[in-house]
>>> print(open('final35.txt').read())   # compact mmCIF, C-alpha atoms
# COMPACT_ATOMS: atom_id res chain seq x y z
CA MET A 242 -48.95 -37.45 32.19
CA SER A 243 -45.55 -35.82 31.93
CA THR A 244 -45.37 -32.36 30.45
CA GLU A 245 -41.59 -32.38 30.21
CA LYS A 246 -40.42 -31.03 26.86
CA LYS A 247 -38.38 -33.36 24.72
CA PRO A 248 -36.82 -31.20 22.02
CA LEU A 249 -35.46 -32.71 18.83
CA GLU A 250 -31.77 -33.47 19.04
CA LYS A 251 -31.01 -34.63 15.54
CA VAL A 252 -32.55 -34.14 12.10
CA CYS A 253 -31.52 -36.33 9.17
CA LEU A 254 -32.77 -35.18 5.78
CA ILE A 255 -32.81 -37.16 2.56
CA CYS A 256 -33.05 -35.15 -0.66
CA ALA A 257 -33.84 -37.41 -3.60
CA LYS A 258 -35.20 -34.92 -6.13
CA GLY A 259 -33.37 -32.29 -8.10
CA SER A 260 -35.91 -29.59 -8.82
CA LEU A 261 -35.35 -26.12 -7.42
CA GLU A 262 -38.15 -26.44 -4.86
CA ASP A 263 -37.18 -29.92 -3.70
CA VAL A 264 -33.56 -29.01 -3.09
CA TYR A 265 -34.48 -25.74 -1.38
CA ALA A 266 -37.02 -27.51 0.83
CA SER A 267 -34.20 -29.71 2.11
CA LEU A 268 -31.78 -26.80 2.46
CA VAL A 269 -34.23 -24.56 4.33
CA MET A 270 -35.15 -27.35 6.73
CA ALA A 271 -31.51 -28.29 7.25
CA ASN A 272 -30.39 -24.71 7.84
CA GLY A 273 -33.38 -24.11 10.10
CA ALA A 274 -32.40 -27.11 12.21
CA VAL A 275 -28.78 -25.95 12.46
CA MET A 276 -29.97 -22.49 13.54
CA GLU A 277 -32.04 -24.11 16.31
CA GLY A 278 -28.96 -25.91 17.58
CA ILE A 279 -30.14 -29.31 16.32
CA GLU A 280 -27.54 -31.75 14.98
CA THR A 281 -28.16 -31.92 11.23
CA LYS A 282 -27.21 -34.32 8.47
CA VAL A 283 -28.34 -34.19 4.84
CA PHE A 284 -28.07 -37.11 2.40
CA PHE A 285 -28.35 -36.30 -1.29
CA THR A 286 -29.30 -39.14 -3.58
CA PHE A 287 -30.55 -39.78 -7.12
CA PHE A 288 -31.55 -36.58 -8.90
CA GLY A 289 -31.12 -34.76 -5.61
CA LEU A 290 -27.39 -35.00 -6.34
CA ASP A 291 -27.86 -32.01 -8.67
CA GLY A 292 -28.17 -29.96 -5.48
CA ILE A 293 -24.54 -30.69 -4.55
CA THR A 294 -23.00 -31.08 -8.01
CA LYS A 295 -20.83 -28.04 -8.77
CA LYS A 296 -21.99 -27.74 -12.39
CA ALA A 297 -25.71 -28.02 -11.63
CA MET A 298 -26.34 -26.68 -8.16
CA ASN A 299 -26.74 -23.00 -8.97
CA HIS A 300 -28.85 -23.62 -12.09
CA LEU A 301 -31.67 -25.79 -10.74
CA HIS A 302 -35.01 -25.64 -12.48
CA THR A 303 -38.59 -25.85 -11.39
CA ALA A 304 -40.92 -27.92 -13.60
CA THR A 305 -43.23 -25.79 -15.74
CA THR A 306 -45.10 -28.83 -17.09
CA GLY A 307 -46.85 -31.36 -14.90
CA ASN A 308 -46.87 -28.85 -12.07
CA PRO A 309 -50.49 -27.97 -11.26
CA ALA A 310 -49.43 -25.40 -8.67
CA MET A 311 -47.60 -23.32 -11.29
CA ARG A 312 -49.17 -19.88 -11.79
CA MET A 313 -48.62 -16.99 -14.15
CA PRO A 314 -47.51 -13.72 -12.57
CA GLY A 315 -50.85 -12.37 -11.33
CA GLY A 316 -52.13 -15.77 -10.26
CA LEU A 317 -53.81 -17.21 -13.39
CA PRO A 318 -53.15 -20.91 -14.09
CA PHE A 319 -50.02 -21.58 -16.12
CA PRO A 320 -50.95 -23.36 -19.39
CA THR A 321 -49.12 -26.69 -19.69
CA MET A 322 -48.57 -26.08 -23.42
CA LEU A 323 -46.73 -22.85 -22.63
CA GLY A 324 -44.56 -24.60 -20.09
CA GLY A 325 -43.22 -26.91 -22.76
CA LEU A 326 -41.93 -24.17 -25.05
CA PRO A 327 -38.15 -23.84 -25.29
CA GLY A 328 -36.72 -21.41 -22.77
CA VAL A 329 -39.85 -21.08 -20.66
CA GLU A 330 -38.64 -23.37 -17.90
CA SER A 331 -35.32 -21.50 -17.74
CA ALA A 332 -37.03 -18.13 -17.61
CA VAL A 333 -39.50 -19.21 -14.92
CA SER A 334 -36.71 -20.80 -12.87
CA GLY A 335 -34.60 -17.68 -13.18
CA MET A 336 -37.54 -15.61 -12.00
CA MET A 337 -38.08 -17.90 -9.01
CA ARG A 338 -34.41 -17.63 -8.06
CA LYS A 339 -34.67 -13.84 -8.20
CA GLN A 340 -37.72 -13.83 -5.93
CA MET A 341 -35.93 -16.12 -3.51
CA GLU A 342 -32.89 -13.88 -3.49
CA ALA A 343 -35.16 -10.96 -2.58
CA LEU A 344 -36.14 -12.88 0.56
CA ASP A 345 -32.44 -13.33 1.38
CA MET A 346 -32.48 -16.98 0.32
CA PRO A 347 -28.96 -17.65 -0.88
CA PRO A 348 -27.88 -19.54 -3.99
CA VAL A 349 -27.36 -23.27 -3.39
CA ASP A 350 -23.56 -23.15 -3.00
CA GLU A 351 -23.79 -20.43 -0.38
CA PHE A 352 -26.67 -22.21 1.37
CA LEU A 353 -24.54 -25.34 1.72
CA GLU A 354 -21.74 -23.22 3.21
CA MET A 355 -24.19 -21.71 5.72
CA ILE A 356 -25.26 -25.19 6.82
CA THR A 357 -21.72 -26.49 7.29
CA ALA A 358 -20.62 -23.22 8.95
CA GLY A 359 -23.10 -24.06 11.72
CA GLY A 360 -21.88 -27.63 12.03
CA GLY A 361 -24.38 -29.37 9.70
CA GLU A 362 -23.03 -32.18 7.54
CA ILE A 363 -23.66 -32.96 3.88
CA PHE A 364 -23.35 -36.42 2.35
CA ALA A 365 -23.68 -37.90 -1.12
CA CYS A 366 -25.17 -41.33 -1.82
CA LYS A 367 -22.55 -43.75 -3.13
CA LEU A 368 -24.96 -45.72 -5.31
CA ALA A 369 -26.26 -42.59 -7.04
CA VAL A 370 -22.78 -41.09 -7.42
CA ASP A 371 -21.67 -44.31 -9.14
CA MET A 372 -24.78 -44.40 -11.29
CA PHE A 373 -24.33 -40.83 -12.54
CA LYS A 374 -20.58 -41.45 -12.95
CA LEU A 375 -19.64 -38.57 -10.67
CA LYS A 376 -16.44 -38.13 -8.69
CA LYS A 377 -15.80 -36.46 -5.35
CA GLU A 378 -14.32 -33.45 -7.17
CA ASP A 379 -17.55 -32.97 -9.15
CA LEU A 380 -19.33 -32.35 -5.87
CA SER A 381 -19.44 -29.23 -3.71
CA ASP A 382 -16.52 -28.83 -1.32
CA GLU A 383 -19.07 -28.77 1.49
CA VAL A 384 -19.82 -32.48 0.94
CA SER A 385 -18.01 -34.29 3.73
CA ASP A 386 -18.23 -37.80 2.30
CA ILE A 387 -19.76 -40.22 -0.20
CA ILE A 388 -21.48 -42.92 1.85
CA THR A 389 -23.97 -45.79 1.61
CA ILE A 390 -27.49 -45.53 2.92
CA GLY A 391 -26.52 -48.04 5.60
CA GLU A 392 -23.81 -45.73 6.85
CA PHE A 393 -26.27 -42.84 6.82
CA TYR A 394 -28.76 -44.81 8.93
CA GLU A 395 -25.98 -45.54 11.41
CA MET A 396 -25.60 -41.77 11.84
CA CYS A 397 -29.33 -41.43 12.46
CA ASP A 398 -29.24 -43.09 15.87
CA GLY A 399 -30.65 -41.58 19.03
CA ASP A 400 -34.19 -41.45 20.35
CA ARG A 401 -34.83 -37.79 19.59
CA THR A 402 -33.87 -38.12 15.94
CA GLN A 403 -36.11 -37.61 12.95
CA ILE A 404 -35.51 -38.70 9.38
CA ILE A 405 -37.19 -36.45 6.82
CA PHE A 406 -37.49 -37.45 3.17
CA THR A 407 -38.15 -34.69 0.68
CA MET B 72 -46.38 -10.42 28.46
CA SER B 73 -44.89 -10.27 31.92
CA VAL B 74 -42.54 -8.08 33.89
CA LYS B 75 -39.18 -9.47 34.84
CA THR B 76 -36.35 -7.86 36.77
CA ILE B 77 -33.11 -8.23 34.85
CA ALA B 78 -29.92 -6.63 36.18
CA GLY B 79 -32.02 -4.61 38.61
CA VAL B 80 -34.31 -3.18 35.96
CA ALA B 81 -37.96 -4.15 35.58
CA VAL B 82 -38.53 -4.91 31.90
CA ASN B 83 -41.44 -6.28 29.89
CA VAL B 84 -40.65 -9.66 28.41
CA SER B 85 -42.47 -12.14 26.19
CA GLU B 86 -43.30 -15.66 27.33
CA GLU B 87 -39.97 -16.84 25.98
CA GLY B 88 -38.00 -14.08 27.66
CA TYR B 89 -37.48 -11.67 24.76
CA LEU B 90 -37.66 -7.97 25.65
CA GLU B 91 -40.88 -6.38 24.44
CA ASP B 92 -39.43 -2.88 24.29
CA MET B 93 -35.92 -2.65 22.90
CA SER B 94 -35.41 0.80 24.45
CA GLN B 95 -35.41 -0.78 27.93
CA TRP B 96 -32.19 -2.62 27.02
CA ASN B 97 -28.74 -1.85 28.35
CA GLU B 98 -25.41 -3.68 28.46
CA GLU B 99 -25.96 -5.05 31.97
CA ILE B 100 -29.24 -6.58 30.84
CA ALA B 101 -27.42 -8.10 27.87
CA ASN B 102 -24.80 -9.61 30.15
CA GLU B 103 -27.41 -11.13 32.40
CA ILE B 104 -29.50 -12.66 29.59
CA ALA B 105 -26.28 -13.96 28.04
CA LYS B 106 -25.39 -15.70 31.29
CA GLU B 107 -28.80 -17.40 31.28
CA VAL B 108 -28.04 -18.96 27.90
CA GLY B 109 -24.46 -19.73 28.88
CA ILE B 110 -22.62 -17.05 26.91
CA GLU B 111 -19.91 -14.72 28.22
CA LEU B 112 -20.10 -11.49 26.20
CA THR B 113 -17.02 -9.96 24.55
CA PRO B 114 -16.68 -6.69 22.59
CA LYS B 115 -17.22 -8.75 19.41
CA HIS B 116 -20.56 -9.96 20.76
CA PHE B 117 -21.59 -6.34 21.35
CA GLU B 118 -20.67 -5.39 17.78
CA VAL B 119 -23.12 -8.06 16.57
CA LEU B 120 -25.75 -7.04 19.13
CA ASN B 121 -25.55 -3.40 18.10
CA TYR B 122 -25.79 -4.38 14.44
CA LEU B 123 -28.94 -6.40 15.17
CA ARG B 124 -30.43 -3.51 17.16
CA ASP B 125 -29.68 -1.02 14.39
CA LYS B 126 -31.31 -3.27 11.77
CA THR B 127 -34.33 -3.82 14.00
CA ALA B 128 -34.68 -0.10 14.66
CA ALA B 129 -34.58 0.43 10.87
CA LYS B 130 -37.33 -2.23 10.57
CA GLU B 131 -35.16 -4.44 8.40
CA SER B 132 -35.64 -8.19 8.63
CA LEU B 133 -32.84 -10.20 10.16
CA THR B 134 -31.24 -13.31 8.73
CA ILE B 135 -27.96 -15.02 9.59
CA ARG B 136 -27.03 -14.46 5.96
CA GLY B 137 -27.43 -10.72 6.50
CA VAL B 138 -25.25 -10.80 9.60
CA GLY B 139 -22.69 -12.84 7.64
CA LYS B 140 -22.53 -10.08 5.05
CA SER B 141 -22.40 -7.26 7.60
CA GLY B 142 -18.60 -7.21 7.65
CA ILE B 143 -18.59 -7.80 11.43
CA VAL B 144 -18.47 -11.59 11.45
CA ASN B 145 -18.92 -14.37 8.95
CA ILE B 146 -21.54 -17.04 9.58
CA LYS B 147 -19.08 -19.49 11.10
CA GLU B 148 -17.89 -16.83 13.56
CA LEU B 149 -21.50 -15.96 14.34
CA TYR B 150 -22.13 -19.59 15.33
CA GLY B 151 -18.92 -19.40 17.36
CA LEU B 152 -20.19 -16.37 19.30
CA PHE B 153 -23.74 -17.66 19.78
CA PRO B 154 -23.57 -21.47 19.68
CA LYS B 155 -26.79 -23.34 18.91
CA GLY B 156 -28.75 -20.14 18.35
CA PRO B 157 -26.99 -17.63 16.08
CA LEU B 158 -30.15 -15.59 15.60
CA LYS B 159 -32.35 -16.81 18.44
CA PHE B 160 -29.86 -16.19 21.27
CA SER B 161 -28.29 -13.09 19.76
CA SER B 162 -31.73 -11.47 19.38
CA LYS B 163 -32.67 -12.38 22.93
CA ILE B 164 -29.46 -10.86 24.28
CA ALA B 165 -29.83 -7.81 22.02
CA GLY B 166 -33.22 -7.08 23.57
CA ILE B 167 -35.10 -7.31 20.28
CA PRO B 168 -38.12 -9.49 19.41
CA LYS B 169 -37.72 -13.17 18.58
CA PRO B 170 -36.70 -13.38 14.92
CA THR B 171 -39.36 -14.53 12.49
CA SER B 172 -36.93 -15.48 9.75
CA CYS B 173 -36.32 -19.06 8.59
CA ILE B 174 -32.89 -18.19 7.23
>>> encode(input="final35.txt", output="structure tokens")
Amino acid sequence: MSTEKKPLEKVCLICAKGSLEDVYASLVMANGAVMEGIETKVFFTFFGLDGITKKAMNHLHTATTGNPAMRMPGGLPFPTMLGGLPGVESAVSGMMRKQMEALDMPPVDEFLEMITAGGGEIFACKLAVDMFKLKKEDLSDEVSDIITIGEFYEMCDGDRTQIIFT
Amino acid sequence: MSVKTIAGVAVNVSEEGYLEDMSQWNEEIANEIAKEVGIELTPKHFEVLNYLRDKTAAKESLTIRGVGKSGIVNIKELYGLFPKGPLKFSSKIAGIPKPTSCI
């Protein structure tokens, strides 16, 4: 049996959801790959587009209802009824962003810049862009192109490539 | 932990070649580790290395974002100085432990 190491050469991430934690999961994994010297491409589609839409990207929310992992400060379960009250989701999301900032996690626009500064590439899904009636100028300047999923798959060639869907 | 002779000095290194004791570091050691990872050090590199060493000595956690805000280099320049390992390679050359940060 060969013990030769075969490190990853390319990571292709697909971000299809627009909640704070889903977008950050993609961004952390993408940035982590770039920092390890791995070729990195991220494809934002459907509600994930919020993560690269100028108006939305720095105001992402985390769901306070239908999220069984949500806890009150102190660790008690977060009552679903409370999560539905006006303003609660905003307040909780704001608090999460503050805690992330304390760990040196940047806001989304800066995170995208960090990824492209290291050579990572960001793409938007054409079908979803058309569906949400967005234009190239509505998207972050770090987005290199609006492409089809077929074109994205073409970029995902190579035998040490992984596609990760978040 | 093992002992390795770098630039004529016997130093303690981790399995992955990071110095275990940052006080054993000197510029010749930096140059030799840099050569191993294919980097030719310039004064700009040393500015970054010294920044990383200062932060480590002050027990502050290191992130590429932090380096980008240091005023020495921006993140793109950091990648330019230490390609494919802005924090990994720079820490190794700076004689500090392998970074534990994900950002």
>>> atom_distance(input="final35.txt", atom1="CA of Phe373 in chain A", atom2="CA of Glu351 in chain A")
23.8 Å
>>> interface_residues(input="final35.txt", of="chain A", to="chain B", cutoff="10 Å", atoms="all atoms listed in the file", output="PDB file with C-alpha atoms, in the frame of the given file")
ATOM      1  CA  LEU A 268     -31.780 -26.800   2.460  1.00  0.00           C
ATOM      2  CA  VAL A 269     -34.230 -24.560   4.330  1.00  0.00           C
ATOM      3  CA  MET A 270     -35.150 -27.350   6.730  1.00  0.00           C
ATOM      4  CA  ASN A 272     -30.390 -24.710   7.840  1.00  0.00           C
ATOM      5  CA  GLY A 273     -33.380 -24.110  10.100  1.00  0.00           C
ATOM      6  CA  ALA A 274     -32.400 -27.110  12.210  1.00  0.00           C
ATOM      7  CA  VAL A 275     -28.780 -25.950  12.460  1.00  0.00           C
ATOM      8  CA  MET A 276     -29.970 -22.490  13.540  1.00  0.00           C
ATOM      9  CA  GLU A 277     -32.040 -24.110  16.310  1.00  0.00           C
ATOM     10  CA  GLY A 278     -28.960 -25.910  17.580  1.00  0.00           C
ATOM     11  CA  ILE A 279     -30.140 -29.310  16.320  1.00  0.00           C
ATOM     12  CA  GLU A 280     -27.540 -31.750  14.980  1.00  0.00           C
ATOM     13  CA  LEU A 344     -36.140 -12.880   0.560  1.00  0.00           C
ATOM     14  CA  ASP A 345     -32.440 -13.330   1.380  1.00  0.00           C
ATOM     15  CA  MET A 346     -32.480 -16.980   0.320  1.00  0.00           C
ATOM     16  CA  PRO A 347     -28.960 -17.650  -0.880  1.00  0.00           C
ATOM     17  CA  GLU A 351     -23.790 -20.430  -0.380  1.00  0.00           C
ATOM     18  CA  PHE A 352     -26.670 -22.210   1.370  1.00  0.00           C
ATOM     19  CA  GLU A 354     -21.740 -23.220   3.210  1.00  0.00           C
ATOM     20  CA  MET A 355     -24.190 -21.710   5.720  1.00  0.00           C
ATOM     21  CA  ILE A 356     -25.260 -25.190   6.820  1.00  0.00           C
ATOM     22  CA  THR A 357     -21.720 -26.490   7.290  1.00  0.00           C
ATOM     23  CA  ALA A 358     -20.620 -23.220   8.950  1.00  0.00           C
ATOM     24  CA  GLY A 359     -23.100 -24.060  11.720  1.00  0.00           C
ATOM     25  CA  GLY A 360     -21.880 -27.630  12.030  1.00  0.00           C
TER      26      GLY A 360
END
>>> atom_distance(input="final35.txt", atom1="CA of Tyr265 in chain A", atom2="CA of Val349 in chain A")
7.8 Å
>>> atom_distance(input="final35.txt", atom1="CA of Pro309 in chain A", atom2="CA of Pro327 in chain A")
19.1 Å
>>> residues_around(input="final35.txt", residues="range 100-110 of chain B", least_positions_apart="6", cutoff="7 Å", atoms="all atoms listed in the file", output="mmCIF file with C-alpha atoms, keeping the file's coordinate frame")
data_model
loop_
_atom_site.group_PDB
_atom_site.id
_atom_site.type_symbol
_atom_site.label_atom_id
_atom_site.label_comp_id
_atom_site.auth_asym_id
_atom_site.auth_seq_id
_atom_site.Cartn_x
_atom_site.Cartn_y
_atom_site.Cartn_z
ATOM 1 C CA ILE B 77 -33.110 -8.230 34.850
ATOM 2 C CA ALA B 78 -29.920 -6.630 36.180
ATOM 3 C CA ILE B 164 -29.460 -10.860 24.280
ATOM 4 C CA ALA B 165 -29.830 -7.810 22.020
#
>>> residues_around(input="final35.txt", residues="Glu395 in chain A", least_positions_apart="4", cutoff="12 Å", atoms="all atoms listed in the file", output="PyMOL selection string")
chain A and resi 253+282+388-391+399+402+404
>>> residues_near_point(input="final35.txt", point="(-29.1, -36.2, 5.1)", cutoff="8 Å", atoms="all atoms listed in the file", output="count of residues only")
13
>>> closest_residue(input="final35.txt", among="A:Lys376, A:Met298, A:Ala332, A:Thr306", to="Pro318 in chain A", atoms="all atoms listed in the file")
A:Thr306
>>> closest_residue(input="final35.txt", among="B:Val138, B:Ala81, B:Ala129, B:Ile143", to="Lys115 in chain B", atoms="only C-alpha atoms")
B:Ile143
>>> residues_around(input="final35.txt", residues="Phe288 in chain A", least_positions_apart="4", cutoff="10 Å", atoms="all atoms listed in the file", output="list of chain:residue names")
A:Cys256, A:Ala257, A:Lys258, A:Gly259, A:Ser260, A:Val264, A:Gly292, A:Ala369, A:Val370, A:Phe373
>>> closest_residue(input="final35.txt", among="B:Ser162, B:Ser141, B:Thr76, B:Thr113", to="Met93 in chain B", atoms="all atoms listed in the file")
B:Ser162
>>> closest_residue(input="final35.txt", among="B:Gly88, B:Gly79, B:Pro168, B:Pro114", to="Lys126 in chain B", atoms="all atoms listed in the file")
B:Pro168
>>> axis_aligned_box(input="final35.txt", around="range 302-320 of chain A", padding_each_side="5 Å", output="AutoDock Vina command-line options")
--center_x -44.4 --center_y -21.9 --center_z -14.0 --size_x 28.8 --size_y 29.0 --size_z 20.7
